[in-house]
4 protein chains.
Amino acid sequence: MTRAAVVGAAGYVGGELLRLLLGHPKVTVTRAVSASSAGRRVDSLHPNLRGHTDLVFSPLEDLEDCEVLLLATPHTVTMGLYPKLAPLAGQVIDLSADFRLRDPDAYARWYGVRHSAPELLAGFTAGLPETNRAALASADRVSVPGCMATAATLALAPLAEAGLVEPEVVVDARTGSSGAGRTAGEANLHPERSGAMRVFAPAGHRHQAEVAELTGLDVTMTATGVEAVRGVQVVCHARARGRLDERELRRVYRERYAGEPFVRLVAHRRGSHRYPDPKVLLGSNHCDVGFAVAGDRVVAMAALDNLVKGGAGNAVQCLNLRRGWPETDGLGFAGLHPV
Amino acid sequence: MTRAAVVGAAGYVGGELLRLLLGHPKVTVTRAVSASSAGRRVDSLHPNLRGHTDLVFSPLEDLEDCEVLLLATPHTVTMGLYPKLAPLAGQVIDLSADFRLRDPDAYARWYGVRHSAPELLAGFTAGLPETNRAALASADRVSVPGCMATAATLALAPLAEAGLVEPEVVVDARTGSSGAGRTAGEANLHPERSGAMRVFAPAGHRHQAEVAELTGLDVTMTATGVEAVRGVQVVCHARARGRLDERELRRVYRERYAGEPFVRLVAHRRGSHRYPDPKVLLGSNHCDVGFAVAGDRVVAMAALDNLVKGGAGNAVQCLNLRRGWPETDGLGFAGLHPV
Amino acid sequence: MTRAAVVGAAGYVGGELLRLLLGHPKVTVTRAVSASSAGRRVDSLHPNLRGHTDLVFSPLEDLEDCEVLLLATPHTVTMGLYPKLAPLAGQVIDLSADFRLRDPDAYARWYGVRHSAPELLAGFTAGLPETNRAALASADRVSVPGCMATAATLALAPLAEAGLVEPEVVVDARTGSSGAGRTAGEANLHPERSGAMRVFAPAGHRHQAEVAELTGLDVTMTATGVEAVRGVQVVCHARARGRLDERELRRVYRERYAGEPFVRLVAHRRGSHRYPDPKVLLGSNHCDVGFAVAGDRVVAMAALDNLVKGGAGNAVQCLNLRRGWPETDGLGFAGLHPV
Amino acid sequence: MTRAAVVGAAGYVGGELLRLLLGHPKVTVTRAVSASSAGRRVDSLHPNLRGHTDLVFSPLEDLEDCEVLLLATPHTVTMGLYPKLAPLAGQVIDLSADFRLRDPDAYARWYGVRHSAPELLAGFTAGLPETNRAALASADRVSVPGCMATAATLALAPLAEAGLVEPEVVVDARTGSSGAGRTAGEANLHPERSGAMRVFAPAGHRHQAEVAELTGLDVTMTATGVEAVRGVQVVCHARARGRLDERELRRVYRERYAGEPFVRLVAHRRGSHRYPDPKVLLGSNHCDVGFAVAGDRVVAMAALDNLVKGGAGNAVQCLNLRRGWPETDGLGFAGLHPV
């Protein structure tokens with residue numbers, strides 16, 4: 001069994017990593033590190049894991065050598081921790097934003113602080129198997145993209161790679177409340193957040209910088225919090241470069257994602273499930289991708305569970321890839337319907 | 001007291017009309033017509049009205065002369081009923097889509113049937129006081145715009161009228177489930193619709209034709225059902241024609257809506273309520289409007305309660321206007337927070 | 001206009017008091033006091049009030065004489081503030097729990113601290129017009145009952161007063177999240193609270209002490225947080241003392257609440273709205289009451305909006321009563337359906 | 001691989017059976033029968049199964065021999081189908097109510113029709129491994145209990161078997177909307193059902209007859225629909241026969257469920273997850289059980305996912321048991337948090 005440790009294990013992404021790794025056939029979890037919750041039982045914060053683990057949160061000092069280290073610590077904190085933690089593990093998978101952007105200026109612009117270790121950025125591989133599989137097969141330093149960036153990239157990559165659309169794309173992203181994490185303040189209290197349609201980034205969200213790096217497109221992202229705990233959906237508005245019809249688009253998307261174990265093409269003529277909807281993806285590592293076309297307007301859509309394919313599940317898929325295991329190991333859950 | 005009758009009174013828009021008219025200081029409701037529910041108590045279908053009315057639904061045959069007739073009957077049905085009903089009332093306010101579009105070809109394209117009375121279309125005035133107040137002051141035939149069309153028009157009108165943006169605009173609309181009405185089928189069952197992010201019109205929604213007529217812009221609308229019963233939000237993506245900054249935009253919106261009793265400018269620097277959100281508008285006739293700008297991208301936003309400012313409340317406002325009453329009569333409810 | 005001030009105006013009950021008083025035809029709000037939010041605009045925390053008020057929160061020191069003082073300050077804090085504030089106003093209406101219980105020992109048991117002013121308890125009148133109208137007509141010190149206590153008392157009073165049931169009653173109460181207030185911690189974050197069925201008081205809730213005082217019954221209350229922001233529902237399980245059938249119960253409830261402007265009897269044979277449900281009561285001051293009987297088991301039910309009839313609306317009704325105004329002044333909102 | 005077929009596969013319980021059986025290591029699904037959806041792809045109605053199956057719904061006529069037949073057909077329909085279907089399979093597991101009650105008169109009373117095959121009732125074994133494991137090990141005819149009955153039975157069994165409480169017990173059950181199935185009518189439309197607290201059985205629900213048979217207690221059940229798609233919670237109110245304290249109760253529950261793979265004891269001193277809550281159980285086969293005591297009142301609680309431990313999961317557990325496989329085969333999903 002491969003020994004894995006999770007740092008930042010008390011948060012929502014951390015909890016999801018634990019859920020997936022505890023159910024993984026080839027991994028054993030050696031540590032669940034949480035500075036703030038050290039000494040408490042893991043299942044007191046992640047009650048779904050009752051009966052599935054007796055782990056207790058450890059302080060950072062107790063972390064010892066392991067084979068894989070997964071970092072679910074906050075943005076701007078991770079880059080400070082990393083130099084101390086990296087020597088402990090052969091492979092490090094970071095789920096924070098700190099090593100996602102190649103460009104330290106872009107980091108400073110979007111995260112409001114200067115990057116403390118810009119020389120390390122080039123050493124990280126973007127943790128998105130669908131765009132980066134070959135590199136990930138040997139990557140020991142992986143940075144998992146943001147949840148909305150993953151959705152938008154998977155929606156747009158087929159169009160971008162085939163040069164089918166003009167580079168300027170508007171991405172409308174909608175997200176549940178879990179993306180804000182467990183420590184969010186008053187704005188995330190249930191009475192305030194419940195039933196909201198809260199535009200929190202009307203004309204630019206920091207995940208757009210990642211999409212730009214991953215697709216080469218010039219993306220503007222609008223982000224709205226809607227009523228959901230889990231789930232991200234993106235609707236991307238692009239303009240066709242030449243003539244494009246539905247049949248051609250279907251062929252492009254199909255070929256692009258043929259063989260991908262977690263990308264499903266969802267673009268049907270009828271039915272209430274004809275386009276990607278995160279409702280049917282909770283707990284699953286799928287990203288559903290769809291498209292529509294009208295005149296010269298192309299709409300690309302994607303949906304995923306922000307804590308799974310948008311975070312912890314993607315990390316496990318990268319781990320599988322690196323180890324040479326089947327990519328689906330530990331990620332077989334189909335999702336629920338209705339839920 | 002002005003005598004008003006509602007046809008299609010068993011539906012959700014019909015129920016909202018009854019709620020507002022029963023609370024109106026200058027109106028008395030003479031009939032609540034419903035073919036399917038004739039003979040049943042009104043409060044058996046609209047339980048909020050218990051203790052507020054003893055009305056029983058009437059069959060259409062019982063409808064007699066009145067001063068105002070409000071039609072909340074379905075699209076494609078209303079145009080058939082109208083010729084028989086119109087002679088009964090001095091003023092007719094139609095809340096269906098049947099008399100919204102000037103162009104019968106556009107109607108056929110979007111509603112799938114040929115219009116049965118195209119010669120009547122020119123006789124209707126669009127029931128949006130914010131763009132059409134002068135005409136509505138003497139209008140005896142009023143067609144209330146669709147809920148998403150109203151939101152998009154109020155978001156975009158200041159930009160369109162001042163020529164500040166390129167004509168091609170993408171409108172991303174999100175809506176609650178009540179817009180689909182009470183007779184919706186399996187797709188609207190609670191287990192299916194709860195928590196959904198359901199793109200039902202990815203690259204063109206019929207309300208866009210109304211927005212085009214009302215603003216002169218070339219609008220493409222995407223519509224998504226999100227978790228809510230009431231509420232519509234639009235996020236409109238436009239490109240500035242020249243230099244535009246936040247201050248200038250604020251001035252334009254402020255001046256455009258100065259004195260409007262139901263349009264509030266909501267575009268703040270911080271806080272979780274800094275942009276329009278239908279959550280704080282349930283039951284209210286307000287439409288909140290906001291904007292953001294980044295480079296040459298302009299984002300215009302609006303939110304409203306689809307059954308009130310997006311339907312029944314707008315109709316009552318038109319009625320008030322035509323009668324020379326204060327526009328706010330019967331529409332003073334502030335909305336709730338939290339809810 | 002009667003001058004009213006609200007202390008604790010930044011909280012949810014405080015906001016609801018402001019909404020109702022700003023819309024009241026005979027009241028003017030002179031102060032909205034909040035220690036923590038002094039200097040901020042009232043509508044920054046209560047966004048539904050945008051356009052309805054320009055008030056700014058005041059510090060406590062600025063509070064001056066007024067005719068009515070409404071206290072929406074927290075339990076255990078109010079009893080310390082009261083002696084300083086009481087001289088400022090002819091009438092004081094307290095919405096906290098601090099002056100609800102006659103028995104200071106019960107207070108200490110349920111609220112975990114010794115009461116600091118037990119000598120004042122006898123000076124307060126319970127603010128429930130349906131059980132206490134005569135006394136409230138001249139009461140200058142009013143303590144509004146808890147939301148679940150109000151619902152349970154209105155459900156049970158007809159049975160208790162007529163001696164129809166054994167004294168031991170189990171009350172199962174369900175409540176939305178707004179009852180926990182705006183300052184609640186991690187447990188009330190949206191991801192944690194959304195969709196929960198959280199039993200937080202399985203075998204005794206402090207509101208049961210109030211129900212016992214108000215009805216004379218020996219009540220055990222179980223309380224569960226369910227998915228809702230507003231709304232309380234109680235289902236009370238009692239045992240009939242003698243023979244009881246539906247018809248007799250209907251007569252008892254009808255007679256008991258004949259003429260009550262805000263209590264509606266909801267106990268129908270069929271339909272999805274046949275028993276009290278807070279869903280149709282949001283924003284309304286109604287309390288819906290119903291019952292069912294099977295053998296010797298009697299089930300009494302009630303539903304209300306915890307922030308209105310369970311708090312602020314009840315307070316306004318008490319104010320109306322004391323002033324000799326119609327009890328419904330400022331409380332005419334019918335509620336919404338669907339919502 | 002054991003060949004299993006599902007009849008009634010288009011419904012919600014049917015879909016959940018397919019999800020579990022398609023993921024089961026020792027089962028292959030040979031048929032998904034649905035009269036109404038024959039010819040459609042299974043994943044068009046169960047979109048979570050996209051990519052997990054290419055099955056198409058079959059008409060009943062196409063059903064051939066198999067090793068296990070699972071019936072998820074409606075109450076009152078199943079008893080008519082059963083005689084024709086039973087010969088096709090060595091083991092039949094029925095998830096409808098038709099073979100749950102031993103007493104045909106109780107069936108007639110609660111389901112409103114006379115039982116068409118009362119002579120078969122005695123041949124069925126109640127499909128609840130926690131109370132019936134020995135019999136199930138060789139049972140070829142299994143009837144899975146109702147979702148609320150399963151929860152109540154698991155909450156109460158330790159008390160009943162140890163004779164710790166008086167026989168008269170009040171069970172307060174709360175349930176999500178999926179229990180009503182996919183064909184429910186207007187009352188289950190999203191606008192009507194969303195946010196409801198709908199008491200649909202105030203003084204007697206038919207599942208109480210099952211609890212009575214399974215526990216020997218004299219149960220009265222009240223059932224309320226609350227806002228959730230999946231999830232059942234019961235709060236059972238009993239009276240202690242003698243002295244009972246928390247420590248003793250804890251010992252009784254612990255011993256009763258020691259070794260049960262799917263029952264977890266959840267009764268903690270603090271924390272928002274201290275009692276059973278279905279929110280953390282979606283998709284999982286766990287039933288969480290808890291208790292509280294105050295004076296002579298004992299409160300027993302349980303929570304489960306109505307489609308899993310309350311239906312399909314329980315059926316698979318019975319299948320595992322009968323085949324001599326580990327009971328957890330195919331049922332390892334831990335549930336999600338937050339969700």
# chains A, B, ... in the order shown; residues from 1 in each chain; ligands from 1

call {"tool": "residues_around", "arguments": {"residues": "Val142 in chain D", "least_positions_apart": "6", "cutoff": "10 Å", "atoms": "only C-alpha atoms", "output": "JSON, numbers by chain"}}
result
{"D": [70, 91, 92, 93, 94, 95, 99, 100, 123, 124, 125, 126, 127, 128, 135, 136, 315, 318, 319]}

call {"tool": "write_last_selection", "arguments": {"atoms": "N, CA and C atoms", "output": "short mmCIF file (atom, residue, chain, number, x, y, z; two decimals), in the first residue's frame"}}
result
data_model
loop_
_atom_site.label_atom_id
_atom_site.label_comp_id
_atom_site.auth_asym_id
_atom_site.auth_seq_id
_atom_site.Cartn_x
_atom_site.Cartn_y
_atom_site.Cartn_z
N LEU D 70 -35.51 -8.60 -8.50
CA LEU D 70 -35.83 -7.55 -7.54
C LEU D 70 -37.02 -6.76 -8.05
N GLN D 91 -34.44 -16.50 -6.28
CA GLN D 91 -34.70 -15.61 -5.16
C GLN D 91 -35.46 -14.38 -5.65
N VAL D 92 -36.49 -14.04 -4.92
CA VAL D 92 -37.24 -12.81 -5.23
C VAL D 92 -37.14 -11.87 -4.04
N ILE D 93 -36.75 -10.64 -4.31
CA ILE D 93 -36.71 -9.63 -3.26
C ILE D 93 -37.68 -8.52 -3.67
N ASP D 94 -38.72 -8.36 -2.88
CA ASP D 94 -39.75 -7.38 -3.21
C ASP D 94 -39.55 -6.12 -2.38
N LEU D 95 -39.52 -4.97 -3.05
CA LEU D 95 -39.36 -3.71 -2.34
C LEU D 95 -40.66 -2.94 -2.21
N PHE D 99 -45.94 -7.42 0.35
CA PHE D 99 -45.73 -8.64 1.14
C PHE D 99 -45.05 -8.35 2.48
N ARG D 100 -45.25 -7.13 2.98
CA ARG D 100 -44.61 -6.76 4.24
C ARG D 100 -45.41 -7.17 5.47
N GLY D 123 -45.00 -16.76 3.39
CA GLY D 123 -43.78 -17.25 2.75
C GLY D 123 -42.66 -16.24 2.65
N PHE D 124 -42.96 -14.99 3.01
CA PHE D 124 -41.94 -13.95 2.89
C PHE D 124 -41.23 -13.70 4.22
N THR D 125 -39.97 -13.40 4.11
CA THR D 125 -39.17 -13.04 5.27
C THR D 125 -38.88 -11.54 5.22
N ALA D 126 -39.03 -10.86 6.34
CA ALA D 126 -38.80 -9.42 6.38
C ALA D 126 -37.32 -9.13 6.14
N GLY D 127 -37.06 -8.28 5.17
CA GLY D 127 -35.68 -8.06 4.72
C GLY D 127 -34.94 -7.04 5.55
N LEU D 128 -34.78 -7.31 6.82
CA LEU D 128 -34.04 -6.41 7.69
C LEU D 128 -32.97 -7.23 8.42
N ALA D 135 -32.77 -15.90 9.55
CA ALA D 135 -33.79 -16.32 8.58
C ALA D 135 -33.40 -15.91 7.17
N LEU D 136 -32.82 -14.74 7.03
CA LEU D 136 -32.49 -14.24 5.70
C LEU D 136 -31.38 -15.06 5.03
N ALA D 315 -31.99 -4.17 0.23
CA ALA D 315 -32.23 -5.34 -0.63
C ALA D 315 -30.92 -6.02 -1.02
N CYS D 318 -29.53 -7.93 1.85
CA CYS D 318 -30.22 -9.22 1.97
C CYS D 318 -29.72 -10.23 0.93
N LEU D 319 -29.49 -9.73 -0.27
CA LEU D 319 -28.96 -10.59 -1.32
C LEU D 319 -27.58 -11.13 -0.93
#

call {"tool": "interface_residues", "arguments": {"of": "chain C", "to": "chain A", "cutoff": "9 Å", "atoms": "only C-alpha atoms", "output": "short mmCIF file (atom, residue, chain, number, x, y, z; two decimals) with N, CA and C atoms, in the first residue's frame"}}
result
data_model
loop_
_atom_site.label_atom_id
_atom_site.label_comp_id
_atom_site.auth_asym_id
_atom_site.auth_seq_id
_atom_site.Cartn_x
_atom_site.Cartn_y
_atom_site.Cartn_z
N GLY C 176 -36.43 26.67 11.08
CA GLY C 176 -35.46 27.12 10.10
C GLY C 176 -34.22 27.68 10.77
N SER C 177 -33.29 28.14 9.94
CA SER C 177 -31.99 28.56 10.47
C SER C 177 -31.97 29.98 11.01
N SER C 178 -32.94 30.80 10.65
CA SER C 178 -32.86 32.19 11.09
C SER C 178 -33.04 32.34 12.59
N GLY C 181 -30.01 33.22 14.58
CA GLY C 181 -29.47 34.57 14.52
C GLY C 181 -28.28 34.71 13.60
N ARG C 182 -27.83 35.94 13.45
CA ARG C 182 -26.82 36.27 12.47
C ARG C 182 -25.41 35.93 12.94
N THR C 183 -25.23 35.75 14.24
CA THR C 183 -23.86 35.59 14.74
C THR C 183 -23.50 34.12 14.99
N ALA C 184 -24.34 33.25 14.51
CA ALA C 184 -24.08 31.83 14.76
C ALA C 184 -22.76 31.40 14.12
N GLY C 185 -22.18 30.35 14.63
CA GLY C 185 -20.85 29.93 14.21
C GLY C 185 -20.85 28.87 13.13
N GLU C 186 -19.79 28.10 13.12
CA GLU C 186 -19.54 27.14 12.06
C GLU C 186 -20.72 26.19 11.79
N ALA C 187 -21.40 25.81 12.84
CA ALA C 187 -22.50 24.86 12.65
C ALA C 187 -23.60 25.42 11.78
N ASN C 188 -23.66 26.72 11.66
CA ASN C 188 -24.71 27.35 10.87
C ASN C 188 -24.22 27.81 9.50
N LEU C 189 -23.00 27.46 9.15
CA LEU C 189 -22.54 27.76 7.79
C LEU C 189 -23.42 27.02 6.79
N HIS C 190 -23.59 27.59 5.63
CA HIS C 190 -24.48 27.00 4.63
C HIS C 190 -24.14 25.55 4.31
N PRO C 191 -22.87 25.21 4.06
CA PRO C 191 -22.59 23.80 3.72
C PRO C 191 -22.96 22.84 4.84
N GLU C 192 -22.88 23.29 6.07
CA GLU C 192 -23.19 22.42 7.21
C GLU C 192 -24.70 22.34 7.48
N ARG C 193 -25.36 23.48 7.32
CA ARG C 193 -26.77 23.57 7.74
C ARG C 193 -27.74 23.22 6.63
N SER C 194 -27.30 23.41 5.38
CA SER C 194 -28.19 23.17 4.25
C SER C 194 -28.64 21.71 4.19
N ALA C 228 -34.76 25.28 5.95
CA ALA C 228 -35.62 26.46 5.81
C ALA C 228 -34.83 27.60 6.43
N VAL C 229 -35.09 28.81 6.00
CA VAL C 229 -34.51 29.95 6.69
C VAL C 229 -35.51 30.44 7.73
N ARG C 230 -36.73 30.69 7.28
CA ARG C 230 -37.81 31.07 8.19
C ARG C 230 -38.76 29.92 8.36
#

call {"tool": "select_by_dssp", "arguments": {"residues": "range 88-286 of chain C", "states": "helix (DSSP H, G or I)", "output": "MDAnalysis selection string"}}
result
chainID C and resid 88 104:111 118:123 129:136 147:161 177:180 186:188 190:193 207:215 246:257 278:281

call {"tool": "write_last_selection", "arguments": {"atoms": "C-alpha atoms", "output": "PDB file, in the first residue's frame"}}
result
ATOM      1  CA  LEU C  88     -36.455  56.095  28.228  1.00  0.00           C
ATOM      2  CA  PRO C 104     -36.107  32.795  38.132  1.00  0.00           C
ATOM      3  CA  ASP C 105     -35.031  29.234  38.951  1.00  0.00           C
ATOM      4  CA  ALA C 106     -36.472  28.024  35.654  1.00  0.00           C
ATOM      5  CA  TYR C 107     -34.563  30.821  33.959  1.00  0.00           C
ATOM      6  CA  ALA C 108     -31.306  29.742  35.576  1.00  0.00           C
ATOM      7  CA  ARG C 109     -31.939  26.130  34.652  1.00  0.00           C
ATOM      8  CA  TRP C 110     -32.651  26.781  30.979  1.00  0.00           C
ATOM      9  CA  TYR C 111     -30.361  29.720  30.261  1.00  0.00           C
ATOM     10  CA  PRO C 118     -35.657  38.650  39.258  1.00  0.00           C
ATOM     11  CA  GLU C 119     -37.705  41.343  41.002  1.00  0.00           C
ATOM     12  CA  LEU C 120     -38.726  42.697  37.607  1.00  0.00           C
ATOM     13  CA  LEU C 121     -40.130  39.457  36.221  1.00  0.00           C
ATOM     14  CA  ALA C 122     -43.587  39.929  37.719  1.00  0.00           C
ATOM     15  CA  GLY C 123     -43.899  43.317  36.041  1.00  0.00           C
ATOM     16  CA  PRO C 129     -52.678  38.554  22.366  1.00  0.00           C
ATOM     17  CA  GLU C 130     -54.548  35.285  21.795  1.00  0.00           C
ATOM     18  CA  THR C 131     -54.118  34.253  25.422  1.00  0.00           C
ATOM     19  CA  ASN C 132     -53.605  37.598  27.078  1.00  0.00           C
ATOM     20  CA  ARG C 133     -55.498  40.300  25.238  1.00  0.00           C
ATOM     21  CA  ALA C 134     -57.108  42.011  28.208  1.00  0.00           C
ATOM     22  CA  ALA C 135     -53.886  42.412  30.129  1.00  0.00           C
ATOM     23  CA  LEU C 136     -51.976  43.591  27.070  1.00  0.00           C
ATOM     24  CA  CYS C 147     -41.213  31.372  18.440  1.00  0.00           C
ATOM     25  CA  MET C 148     -41.690  27.680  19.209  1.00  0.00           C
ATOM     26  CA  ALA C 149     -43.488  28.531  22.440  1.00  0.00           C
ATOM     27  CA  THR C 150     -45.957  30.723  20.554  1.00  0.00           C
ATOM     28  CA  ALA C 151     -46.671  27.997  18.022  1.00  0.00           C
ATOM     29  CA  ALA C 152     -47.070  25.294  20.671  1.00  0.00           C
ATOM     30  CA  THR C 153     -49.226  27.476  22.898  1.00  0.00           C
ATOM     31  CA  LEU C 154     -51.596  28.387  20.077  1.00  0.00           C
ATOM     32  CA  ALA C 155     -51.816  24.741  19.022  1.00  0.00           C
ATOM     33  CA  LEU C 156     -52.504  23.492  22.536  1.00  0.00           C
ATOM     34  CA  ALA C 157     -54.456  26.289  24.240  1.00  0.00           C
ATOM     35  CA  PRO C 158     -57.899  25.162  23.006  1.00  0.00           C
ATOM     36  CA  LEU C 159     -57.256  21.641  24.277  1.00  0.00           C
ATOM     37  CA  ALA C 160     -55.756  22.769  27.565  1.00  0.00           C
ATOM     38  CA  GLU C 161     -58.422  25.324  28.384  1.00  0.00           C
ATOM     39  CA  SER C 177     -31.994  28.561  10.467  1.00  0.00           C
ATOM     40  CA  SER C 178     -32.860  32.193  11.085  1.00  0.00           C
ATOM     41  CA  GLY C 179     -33.815  31.391  14.668  1.00  0.00           C
ATOM     42  CA  ALA C 180     -30.140  30.972  15.470  1.00  0.00           C
ATOM     43  CA  GLU C 186     -19.544  27.142  12.059  1.00  0.00           C
ATOM     44  CA  ALA C 187     -22.499  24.860  12.653  1.00  0.00           C
ATOM     45  CA  ASN C 188     -24.708  27.347  10.868  1.00  0.00           C
ATOM     46  CA  HIS C 190     -24.475  26.997   4.633  1.00  0.00           C
ATOM     47  CA  PRO C 191     -22.589  23.804   3.718  1.00  0.00           C
ATOM     48  CA  GLU C 192     -23.194  22.416   7.213  1.00  0.00           C
ATOM     49  CA  ARG C 193     -26.769  23.567   7.736  1.00  0.00           C
ATOM     50  CA  HIS C 207     -39.244  26.994  25.135  1.00  0.00           C
ATOM     51  CA  GLN C 208     -41.123  24.168  26.848  1.00  0.00           C
ATOM     52  CA  ALA C 209     -40.949  26.077  30.104  1.00  0.00           C
ATOM     53  CA  GLU C 210     -42.841  28.931  28.479  1.00  0.00           C
ATOM     54  CA  VAL C 211     -45.485  26.630  27.059  1.00  0.00           C
ATOM     55  CA  ALA C 212     -45.935  25.111  30.477  1.00  0.00           C
ATOM     56  CA  GLU C 213     -46.489  28.573  32.014  1.00  0.00           C
ATOM     57  CA  LEU C 214     -48.824  29.649  29.216  1.00  0.00           C
ATOM     58  CA  THR C 215     -50.963  26.518  29.012  1.00  0.00           C
ATOM     59  CA  GLU C 246     -62.953  15.368  14.778  1.00  0.00           C
ATOM     60  CA  ARG C 247     -66.199  17.258  14.778  1.00  0.00           C
ATOM     61  CA  GLU C 248     -65.949  18.124  18.454  1.00  0.00           C
ATOM     62  CA  LEU C 249     -62.352  19.211  18.052  1.00  0.00           C
ATOM     63  CA  ARG C 250     -63.242  21.376  15.097  1.00  0.00           C
ATOM     64  CA  ARG C 251     -65.926  23.087  17.131  1.00  0.00           C
ATOM     65  CA  VAL C 252     -63.546  23.703  20.024  1.00  0.00           C
ATOM     66  CA  TYR C 253     -60.815  25.182  17.839  1.00  0.00           C
ATOM     67  CA  ARG C 254     -63.265  27.267  15.828  1.00  0.00           C
ATOM     68  CA  GLU C 255     -64.874  28.798  18.843  1.00  0.00           C
ATOM     69  CA  ARG C 256     -61.600  29.407  20.578  1.00  0.00           C
ATOM     70  CA  TYR C 257     -60.151  31.375  17.703  1.00  0.00           C
ATOM     71  CA  PRO C 278     -44.831  27.604   7.432  1.00  0.00           C
ATOM     72  CA  LYS C 279     -44.071  27.612   3.704  1.00  0.00           C
ATOM     73  CA  VAL C 280     -47.194  29.673   3.009  1.00  0.00           C
ATOM     74  CA  LEU C 281     -46.607  32.011   5.955  1.00  0.00           C
TER      75      LEU C 281
END

call {"tool": "atom_distance", "arguments": {"atom1": "CA of Ala137 in chain A", "atom2": "CA of Ala72 in chain A"}}
result
21.6 Å

call {"tool": "residues_around", "arguments": {"residues": "Val56 in chain B", "least_positions_apart": "4", "cutoff": "7 Å", "atoms": "only C-alpha atoms", "output": "short mmCIF file (atom, residue, chain, number, x, y, z; two decimals) with C-alpha atoms, in the first residue's frame"}}
result
data_model
loop_
_atom_site.label_atom_id
_atom_site.label_comp_id
_atom_site.auth_asym_id
_atom_site.auth_seq_id
_atom_site.Cartn_x
_atom_site.Cartn_y
_atom_site.Cartn_z
CA GLY B 39 -66.23 25.71 -8.18
CA ARG B 40 -63.23 25.29 -5.89
CA ARG B 41 -62.32 27.86 -3.28
CA VAL B 42 -59.55 30.20 -4.39
#

call {"tool": "residues_around", "arguments": {"residues": "Thr224 in chain A", "least_positions_apart": "5", "cutoff": "6 Å", "atoms": "only C-alpha atoms", "output": "tab-separated table (two decimals) with C-alpha atoms, in the first residue's frame"}}
result
chain	number	residue	atom	x	y	z
A	174	ARG	CA	-22.02	29.12	-11.05
A	198	ARG	CA	-24.87	36.04	-5.54
A	199	VAL	CA	-22.63	37.49	-8.23
A	200	PHE	CA	-19.31	37.68	-6.42

call {"tool": "closest_residue", "arguments": {"among": "C:Cys236, C:Gly271, C:Leu336, C:Arg206", "to": "Gly290 in chain C", "atoms": "only C-alpha atoms"}}
result
C:Cys236

call {"tool": "select_by_dssp", "arguments": {"residues": "range 72-275 of chain C", "states": "strand (DSSP E or B)", "output": "ChimeraX atom specification"}}
result
/C:89-94,125-126,141-143,165,168-175,189,198-201,218-225,232-240,263-265

call {"tool": "atom_distance", "arguments": {"atom1": "CA of Pro338 in chain C", "atom2": "CA of Gly283 in chain B"}}
result
10.2 Å

call {"tool": "closest_residue", "arguments": {"among": "C:Val7, C:Glu168, C:Ala162, C:Arg19", "to": "Thr220 in chain C", "atoms": "only C-alpha atoms"}}
result
C:Glu168
